[in-house]
>>> print(open('query07.cif').read())   # mmCIF, C-alpha atoms and all ligand atoms
data_upload
loop_
_atom_site.label_atom_id
_atom_site.label_comp_id
_atom_site.auth_asym_id
_atom_site.auth_seq_id
_atom_site.Cartn_x
_atom_site.Cartn_y
_atom_site.Cartn_z
CA MET A 1116 15.77 -56.81 -106.21
CA ASP A 1117 18.53 -55.64 -103.87
CA PRO A 1118 17.08 -53.09 -101.38
CA GLY A 1119 20.53 -51.80 -100.36
CA LEU A 1120 21.39 -51.12 -103.99
CA GLU A 1121 18.03 -49.49 -104.64
CA ALA A 1122 18.52 -47.20 -101.62
CA ALA A 1123 21.94 -46.19 -102.91
CA PHE A 1124 20.49 -45.37 -106.33
CA ARG A 1125 17.80 -43.20 -104.72
CA TYR A 1126 20.49 -41.44 -102.69
CA VAL A 1127 22.56 -40.73 -105.81
CA GLU A 1128 19.46 -39.48 -107.63
CA ARG A 1129 18.75 -36.97 -104.83
CA LEU A 1130 22.41 -35.97 -104.81
CA LEU A 1131 22.52 -35.29 -108.56
CA TYR A 1132 19.07 -33.80 -109.09
CA GLY A 1133 18.20 -32.42 -105.68
CA ASP A 1134 14.89 -32.57 -103.85
CA MET A 1135 12.60 -30.22 -101.91
CA GLU A 1136 15.30 -29.49 -99.37
CA ARG A 1137 18.38 -28.87 -101.44
CA PRO A 1138 19.46 -28.28 -105.02
CA GLY A 1139 21.22 -30.93 -107.06
CA LEU A 1140 24.95 -31.27 -107.47
CA THR A 1141 26.37 -28.87 -110.04
CA LEU A 1142 29.47 -29.28 -112.16
CA TYR A 1143 31.12 -26.70 -109.90
CA ASP A 1144 30.24 -28.75 -106.78
CA LEU A 1145 31.66 -31.85 -108.42
CA GLU A 1146 34.90 -30.05 -109.24
CA ARG A 1147 35.24 -28.98 -105.63
CA LEU A 1148 34.58 -32.49 -104.37
CA VAL A 1149 37.25 -34.12 -106.53
CA GLY A 1150 39.72 -31.26 -106.11
CA TYR A 1151 39.80 -30.04 -109.68
CA PRO A 1152 41.93 -28.38 -111.00
CA ALA A 1153 44.39 -28.58 -108.09
CA ARG A 1154 44.71 -32.36 -108.38
CA GLY A 1155 45.36 -32.44 -112.11
CA ASP A 1156 43.45 -33.10 -115.32
CA GLY A 1157 41.82 -36.28 -114.17
CA PRO A 1158 39.98 -38.45 -114.25
CA LEU A 1159 39.53 -37.61 -110.60
CA ALA A 1160 37.60 -39.66 -108.10
CA TYR A 1161 35.64 -38.90 -104.97
CA THR A 1162 34.21 -41.51 -102.64
CA LEU A 1163 30.98 -40.51 -100.94
CA PRO A 1164 31.08 -40.69 -97.15
CA ARG A 1165 29.23 -43.67 -95.74
CA THR A 1166 25.77 -42.77 -94.55
CA GLN A 1167 22.68 -44.68 -93.50
CA SER A 1168 21.42 -44.58 -97.08
CA LEU A 1169 24.60 -46.17 -98.37
CA ALA A 1170 24.80 -48.89 -95.73
CA GLY A 1171 23.50 -51.50 -98.19
CA VAL A 1172 26.37 -51.13 -100.68
CA GLN A 1173 30.15 -51.29 -100.45
CA GLY A 1174 30.62 -47.78 -101.75
CA VAL A 1175 29.72 -45.03 -104.18
CA ARG A 1176 32.39 -43.21 -106.18
CA LEU A 1177 32.12 -40.25 -108.48
CA TYR A 1178 34.62 -40.04 -111.34
CA TYR A 1179 35.10 -36.68 -112.98
CA TYR A 1180 36.48 -36.40 -116.53
CA PRO A 1181 37.24 -32.70 -117.01
CA LYS A 1182 38.65 -33.09 -120.52
CA ASP A 1183 35.83 -35.11 -122.04
CA PRO A 1184 33.08 -32.95 -123.59
CA LEU A 1185 30.70 -35.91 -123.97
CA LEU A 1186 31.10 -37.56 -120.64
CA GLN A 1187 31.97 -35.73 -117.47
CA LEU A 1188 30.75 -37.91 -114.68
CA ILE A 1189 30.65 -41.61 -114.03
CA VAL A 1190 28.88 -42.76 -110.90
CA GLU A 1191 30.04 -46.14 -109.68
CA ILE A 1192 27.98 -48.01 -107.12
CA GLU A 1193 29.59 -51.17 -105.83
CA ASP A 1194 27.09 -53.57 -104.33
CA LEU A 1195 27.73 -55.97 -101.47
CA GLU A 1196 28.63 -58.73 -103.89
CA GLY A 1197 31.34 -56.57 -105.43
CA ARG A 1198 29.49 -55.89 -108.66
CA LYS A 1199 29.96 -52.39 -110.00
CA HIS A 1200 27.00 -50.50 -111.42
CA LEU A 1201 28.16 -47.63 -113.63
CA ARG A 1202 26.05 -44.68 -114.72
CA HIS A 1203 27.17 -41.98 -117.18
CA PHE A 1204 26.37 -38.27 -117.23
CA ARG A 1205 27.32 -35.04 -118.91
CA TRP A 1206 26.70 -31.54 -117.66
CA ASN A 1207 24.49 -29.54 -120.01
CA GLY A 1208 25.00 -26.24 -118.24
CA PHE A 1209 22.00 -26.65 -115.97
CA SER A 1210 21.80 -30.24 -114.92
CA TRP A 1211 23.03 -33.74 -115.59
CA GLU A 1212 21.91 -35.55 -118.68
CA VAL A 1213 22.71 -38.97 -120.02
CA PRO A 1214 24.99 -39.00 -123.07
CA GLU A 1215 23.46 -40.73 -126.07
CA GLY A 1216 23.86 -44.48 -125.99
CA LYS A 1217 25.03 -44.45 -122.38
CA ARG A 1218 23.42 -45.79 -119.28
CA GLY A 1219 22.11 -43.23 -116.84
CA GLU A 1220 18.95 -44.58 -115.28
CA LEU A 1221 19.25 -44.40 -111.54
CA LYS A 1222 17.89 -47.76 -110.63
CA SER A 1223 19.10 -51.28 -110.53
CA THR A 1224 18.88 -52.96 -113.94
CA GLU A 1225 18.93 -56.52 -112.71
CA GLU A 1226 15.45 -57.12 -114.03
CA VAL A 1227 16.52 -56.51 -117.62
CA LEU A 1228 19.53 -58.78 -117.42
CA GLY A 1229 18.46 -61.84 -119.29
CA LEU A 1230 20.00 -64.95 -120.56
CA ILE A 1231 23.03 -64.73 -122.81
CA GLN A 1232 24.45 -67.65 -124.74
CA VAL A 1233 28.17 -67.61 -125.45
CA GLY A 1234 29.49 -70.65 -127.26
CA GLU A 1235 27.97 -73.74 -125.65
CA ASP A 1236 27.33 -72.09 -122.30
CA TYR A 1237 24.57 -69.88 -120.92
CA PHE A 1238 24.99 -66.89 -118.62
CA LEU A 1239 22.12 -65.65 -116.53
CA GLY A 1240 21.83 -62.31 -114.75
CA PHE A 1241 25.11 -60.80 -115.93
CA PRO A 1242 25.63 -57.64 -117.95
CA ARG A 1243 26.92 -58.64 -121.39
CA GLU A 1244 30.54 -57.55 -120.75
CA GLU A 1245 30.65 -59.53 -117.52
CA ALA A 1246 29.21 -62.60 -119.22
CA LEU A 1247 31.87 -62.41 -121.93
CA GLU A 1248 34.59 -62.02 -119.31
CA LEU A 1249 33.32 -64.96 -117.34
CA GLU A 1250 33.03 -67.06 -120.48
CA GLU A 1251 36.68 -66.36 -121.23
CA GLY A 1252 37.60 -67.34 -117.68
CA VAL A 1253 35.66 -70.57 -118.03
CA ARG A 1254 37.22 -71.35 -121.39
CA LYS A 1255 40.71 -70.86 -119.96
CA GLY A 1256 39.82 -72.85 -116.84
CA GLU A 1257 40.43 -69.82 -114.64
CA ALA A 1258 36.96 -68.88 -113.40
CA LEU A 1259 37.38 -70.98 -110.27
CA GLY A 1260 34.43 -70.92 -107.93
CA ALA A 1261 31.91 -69.69 -110.49
CA LYS A 1262 28.49 -71.16 -109.77
CA TYR A 1263 26.58 -72.90 -112.48
CA LEU A 1264 23.71 -75.27 -113.09
CA LEU A 1265 24.32 -78.40 -115.08
CA CYS A 1266 21.51 -80.03 -116.99
CA PRO A 1267 21.89 -83.80 -116.58
CA ARG A 1268 19.73 -84.36 -119.64
CA CYS A 1269 21.51 -82.28 -122.28
CA ALA A 1270 24.72 -81.22 -120.45
CA ALA A 1271 23.98 -77.50 -120.88
CA ARG A 1272 25.73 -75.27 -118.35
CA VAL A 1273 24.06 -72.15 -116.98
CA PHE A 1274 26.42 -69.83 -115.12
CA TYR A 1275 24.40 -67.52 -112.91
CA ALA A 1276 24.94 -64.21 -111.12
CA PRO A 1277 24.58 -63.94 -107.32
CA SER A 1278 21.28 -62.11 -107.81
CA VAL A 1279 19.71 -65.12 -109.54
CA ARG A 1280 17.71 -67.68 -107.59
CA PRO A 1281 19.09 -70.87 -109.13
CA SER A 1282 16.23 -73.05 -107.88
CA GLU A 1283 13.88 -71.20 -110.24
CA VAL A 1284 15.95 -71.78 -113.35
CA ALA A 1285 15.04 -74.27 -116.06
CA CYS A 1286 17.43 -75.55 -118.70
CA PRO A 1287 17.36 -73.03 -121.55
CA ARG A 1288 18.15 -75.77 -124.07
CA CYS A 1289 15.75 -78.57 -123.18
CA GLY A 1290 13.45 -77.11 -120.52
CA ASN A 1291 14.45 -79.60 -117.83
CA THR A 1292 13.70 -78.12 -114.41
CA THR A 1293 15.87 -80.50 -112.40
CA LEU A 1294 19.34 -79.06 -112.70
CA LEU A 1295 22.46 -79.94 -110.73
CA PHE A 1296 24.21 -77.30 -108.63
CA LYS A 1297 27.87 -77.07 -109.55
CA THR A 1298 30.89 -74.95 -108.77
CA PHE A 1299 33.43 -74.45 -111.50
CA SER A 1300 36.75 -75.95 -110.43
CA GLY A 1301 38.82 -75.61 -113.57
CA LEU A 1302 39.64 -79.30 -113.71
CA GLU A 1303 36.17 -80.12 -114.94
CA VAL A 1304 37.06 -78.65 -118.29
CA ALA A 1305 39.60 -81.41 -118.87
CA LYS A 1306 37.69 -84.06 -116.95
CA ASP A 1307 34.22 -83.73 -118.33
CA PRO A 1308 34.78 -85.06 -121.87
CA LEU A 1309 36.60 -88.12 -120.49
CA GLU A 1310 33.89 -88.77 -117.97
CA ALA A 1311 31.29 -88.43 -120.65
CA LEU A 1312 33.20 -90.98 -122.73
CA ALA A 1313 33.41 -93.37 -119.77
CA ASP A 1314 29.68 -92.96 -119.16
CA GLU A 1315 29.00 -93.70 -122.77
CA GLN A 1316 31.16 -96.83 -122.67
CA ARG A 1317 29.41 -98.03 -119.53
CA ALA A 1318 26.02 -97.48 -121.12
CA LEU A 1319 27.14 -99.33 -124.27
CA ARG A 1320 28.41 -102.26 -122.22
CA ARG A 1321 25.11 -102.41 -120.35
CA LEU A 1322 23.25 -102.43 -123.63
CA LEU A 1323 25.42 -105.29 -124.96
CA GLU A 1324 24.88 -107.27 -121.76
CA GLU A 1325 21.14 -106.81 -122.06
CA LEU A 1326 21.27 -107.86 -125.68
CA LEU A 1327 23.30 -110.95 -124.81
CA ALA A 1328 20.89 -111.87 -122.05
CA TYR A 1329 17.99 -111.43 -124.45
CA LEU A 1330 19.63 -113.59 -127.09
CA LYS A 1331 20.41 -116.27 -124.52
CA ARG A 1332 16.80 -116.28 -123.42
CA LYS A 1333 15.58 -116.48 -127.01
CA LEU A 1334 18.05 -119.05 -128.28
CA GLY A 1335 18.47 -121.07 -125.13
CA PRO A 1336 21.76 -122.04 -123.50
ZN ZN B 1401 18.92 -79.46 -120.79
#
>>> encode(input="query07.cif", output="structure tokens", more="lines below")
Ligand SMILES: [Zn+2]
Amino acid sequence: MDPGLEAAFRYVERLLYGDMERPGLTLYDLERLVGYPARGDGPLAYTLPRTQSLAGVQGVRLYYYPKDPLLQLIVEIEDLEGRKHLRHFRWNGFSWEVPEGKRGELKSTEEVLGLIQVGEDYFLGFPREEALELEEGVRKGEALGAKYLLCPRCAARVFYAPSVRPSEVACPRCGNTTLLFKTFSGLEVAKDPLEALADEQRALRRLLEELLAYLKRKLGP
């Protein structure tokens, strides 16, 4: 749980729905904030001024879509790690509601982000779209610096989000709890299969040597 992010969500909730002291933001207020219609048909953006409540995030932006009857407002909260949390709203004439199938809950959803398997790799703590993006980056050898855990037993890779505590992760494939901390460096994609082959050859050679030694012992010199 990220307290800075949670505080920002609470701030946005008060802004949109109001509290004891002041009413919530109306569509008219939003239009004034973004400068509609003077600044064009949109989408138009407004960045909230930094306040104490928003000190724990990089920023909060409101995007207004004047021409979309189903979606008029996207709230974007960017956390300190640069991840963007988007929430969707439409104005029903009185207040903001969440369009069907969209995400509008004003709290961090980290706790529902589970484990996603894409191809041979696992992604932990990412929204699905981000996991797919990262997987593509890994596949192309471009996701340099991405952190992952490597299972030395079954070679599974678990890429994890900054919010995840990697020391608490077990291998999703074999359950091994002793995983190696790795940073994706692109080259590993090309190197790993060769290294695996070399390891295998070394192990095979060792096995042959043991067998030879055994035979020598059994059969004599
Ligand atoms: Zn494993």
>>> residues_near_ligand(input="query07.cif", ligand="ligand ZN 1401 (chain B)", cutoff="8 Å", atoms="only C-alpha atoms and all ligand atoms", output="VMD selection string")
chain A and resid 1265 to 1271 1286 to 1291
>>> atom_distance(input="query07.cif", atom1="atom CA of Leu1239 of chain A", atom2="atom CA of Pro1277 of chain A")
9.7 Å
>>> residues_around(input="query07.cif", residues="Arg1125 of chain A", least_positions_apart="3", cutoff="10 Å", atoms="only C-alpha atoms", output="list of chain:residue names")
A:Leu1120, A:Glu1121, A:Ala1122, A:Glu1128, A:Arg1129, A:Leu1130, A:Leu1131, A:Ser1168, A:Leu1169, A:Leu1221, A:Lys1222
>>> closest_residue(input="query07.cif", among="A:Glu1191, A:Leu1177, A:Pro1184, A:Leu1230", to="Pro1214 of chain A", atoms="only C-alpha atoms")
A:Pro1184
>>> closest_residue(input="query07.cif", among="A:Pro1181, A:Ala1276, A:Gly1252, A:Tyr1237", to="Asp1156 of chain A", atoms="all atoms listed in the file")
A:Pro1181
>>> atom_distance(input="query07.cif", atom1="atom CA of Gly1301 of chain A", atom2="atom CA of Val1273 of chain A")
15.5 Å
>>> closest_residue(input="query07.cif", among="A:Asp1183, A:Val1213, A:Ile1189, A:Leu1195", to="Gly1171 of chain A", atoms="all atoms listed in the file")
A:Leu1195
>>> atom_distance(input="query07.cif", atom1="atom CA of Tyr1151 of chain A", atom2="atom CA of Arg1165 of chain A")
22.2 Å
>>> residues_around(input="query07.cif", residues="Arg1218 of chain A", least_positions_apart="2", cutoff="7 Å", atoms="only C-alpha atoms", output="VMD selection string")
chain A and resid 1202 to 1203 1213 1216 1220
>>> closest_residue(input="query07.cif", among="A:Leu1264, A:Val1149, A:Leu1312, A:Leu1259", to="Thr1162 of chain A", atoms="only C-alpha atoms")
A:Val1149
>>> residues_near_point(input="query07.cif", point="(39.8, -70.2, -120.1)", cutoff="12 Å", atoms="all atoms listed in the file", output="list in words")
Leu1247, Glu1248, Leu1249, Glu1250, Glu1251, Gly1252, Val1253, Arg1254, Lys1255, Gly1256, Glu1257, Ala1258, Leu1259, Phe1299, Ser1300, Gly1301, Leu1302, Glu1303, Val1304 and Ala1305 of chain A
>>> write_last_selection(input="query07.cif", atoms="C-alpha atoms", output="PDB file, in the coordinates of the input")
ATOM      1  CA  LEU A1247      31.870 -62.410-121.930  1.00  0.00           C
ATOM      2  CA  GLU A1248      34.590 -62.020-119.310  1.00  0.00           C
ATOM      3  CA  LEU A1249      33.320 -64.960-117.340  1.00  0.00           C
ATOM      4  CA  GLU A1250      33.030 -67.060-120.480  1.00  0.00           C
ATOM      5  CA  GLU A1251      36.680 -66.360-121.230  1.00  0.00           C
ATOM      6  CA  GLY A1252      37.600 -67.340-117.680  1.00  0.00           C
ATOM      7  CA  VAL A1253      35.660 -70.570-118.030  1.00  0.00           C
ATOM      8  CA  ARG A1254      37.220 -71.350-121.390  1.00  0.00           C
ATOM      9  CA  LYS A1255      40.710 -70.860-119.960  1.00  0.00           C
ATOM     10  CA  GLY A1256      39.820 -72.850-116.840  1.00  0.00           C
ATOM     11  CA  GLU A1257      40.430 -69.820-114.640  1.00  0.00           C
ATOM     12  CA  ALA A1258      36.960 -68.880-113.400  1.00  0.00           C
ATOM     13  CA  LEU A1259      37.380 -70.980-110.270  1.00  0.00           C
ATOM     14  CA  PHE A1299      33.430 -74.450-111.500  1.00  0.00           C
ATOM     15  CA  SER A1300      36.750 -75.950-110.430  1.00  0.00           C
ATOM     16  CA  GLY A1301      38.820 -75.610-113.570  1.00  0.00           C
ATOM     17  CA  LEU A1302      39.640 -79.300-113.710  1.00  0.00           C
ATOM     18  CA  GLU A1303      36.170 -80.120-114.940  1.00  0.00           C
ATOM     19  CA  VAL A1304      37.060 -78.650-118.290  1.00  0.00           C
ATOM     20  CA  ALA A1305      39.600 -81.410-118.870  1.00  0.00           C
TER      21      ALA A1305
END
>>> closest_residue(input="query07.cif", among="A:Gly1174, A:Gly1133, A:Pro1118, A:Gly1208", to="Asp1194 of chain A", atoms="only C-alpha atoms")
A:Gly1174
>>> residues_around(input="query07.cif", residues="Arg1176 of chain A", least_positions_apart="2", cutoff="10 Å", atoms="all atoms listed in the file", output="PyMOL selection string")
chain A and resi 1160-1164+1174+1178-1179+1189-1193+1201
>>> closest_residue(input="query07.cif", among="A:Gly1219, A:Pro1281, A:Gly1197, A:Gly1335", to="Gly1240 of chain A", atoms="all atoms listed in the file")
A:Pro1281
>>> decode(input="query07.cif", residues="segment 1236-1248 of chain A", atoms="N, CA and C atoms", output="mmCIF file, in the first residue's frame")
data_model
loop_
_atom_site.group_PDB
_atom_site.id
_atom_site.type_symbol
_atom_site.label_atom_id
_atom_site.label_comp_id
_atom_site.auth_asym_id
_atom_site.auth_seq_id
_atom_site.Cartn_x
_atom_site.Cartn_y
_atom_site.Cartn_z
ATOM 1 N N ASP A 1236 6.906 -16.461 -19.291
ATOM 2 C CA ASP A 1236 7.252 -15.600 -18.172
ATOM 3 C C ASP A 1236 6.048 -15.225 -17.326
ATOM 4 N N TYR A 1237 6.347 -14.824 -16.081
ATOM 5 C CA TYR A 1237 5.302 -14.398 -15.153
ATOM 6 C C TYR A 1237 5.487 -12.914 -14.832
ATOM 7 N N PHE A 1238 4.367 -12.232 -14.612
ATOM 8 C CA PHE A 1238 4.403 -10.808 -14.300
ATOM 9 C C PHE A 1238 3.562 -10.583 -13.054
ATOM 10 N N LEU A 1239 4.178 -9.948 -12.081
ATOM 11 C CA LEU A 1239 3.532 -9.818 -10.783
ATOM 12 C C LEU A 1239 3.347 -8.350 -10.426
ATOM 13 N N GLY A 1240 2.095 -7.975 -10.115
ATOM 14 C CA GLY A 1240 1.830 -6.624 -9.627
ATOM 15 C C GLY A 1240 1.603 -5.590 -10.713
ATOM 16 N N PHE A 1241 1.494 -6.034 -11.977
ATOM 17 C CA PHE A 1241 1.237 -5.084 -13.053
ATOM 18 C C PHE A 1241 -0.216 -5.174 -13.511
ATOM 19 N N PRO A 1242 -0.799 -4.026 -13.925
ATOM 20 C CA PRO A 1242 -2.064 -4.135 -14.650
ATOM 21 C C PRO A 1242 -1.812 -4.926 -15.940
ATOM 22 N N ARG A 1243 -2.837 -5.592 -16.440
ATOM 23 C CA ARG A 1243 -2.664 -6.480 -17.580
ATOM 24 C C ARG A 1243 -1.972 -5.807 -18.781
ATOM 25 N N GLU A 1244 -2.409 -4.566 -19.114
ATOM 26 C CA GLU A 1244 -1.835 -3.896 -20.292
ATOM 27 C C GLU A 1244 -0.336 -3.676 -20.096
ATOM 28 N N GLU A 1245 0.023 -3.290 -18.863
ATOM 29 C CA GLU A 1245 1.434 -3.051 -18.587
ATOM 30 C C GLU A 1245 2.251 -4.328 -18.671
ATOM 31 N N ALA A 1246 1.655 -5.419 -18.195
ATOM 32 C CA ALA A 1246 2.343 -6.707 -18.248
ATOM 33 C C ALA A 1246 2.588 -7.107 -19.699
ATOM 34 N N LEU A 1247 1.580 -6.891 -20.546
ATOM 35 C CA LEU A 1247 1.719 -7.258 -21.957
ATOM 36 C C LEU A 1247 2.789 -6.398 -22.636
ATOM 37 N N GLU A 1248 2.802 -5.117 -22.273
ATOM 38 C CA GLU A 1248 3.808 -4.213 -22.827
ATOM 39 C C GLU A 1248 5.214 -4.646 -22.423
#
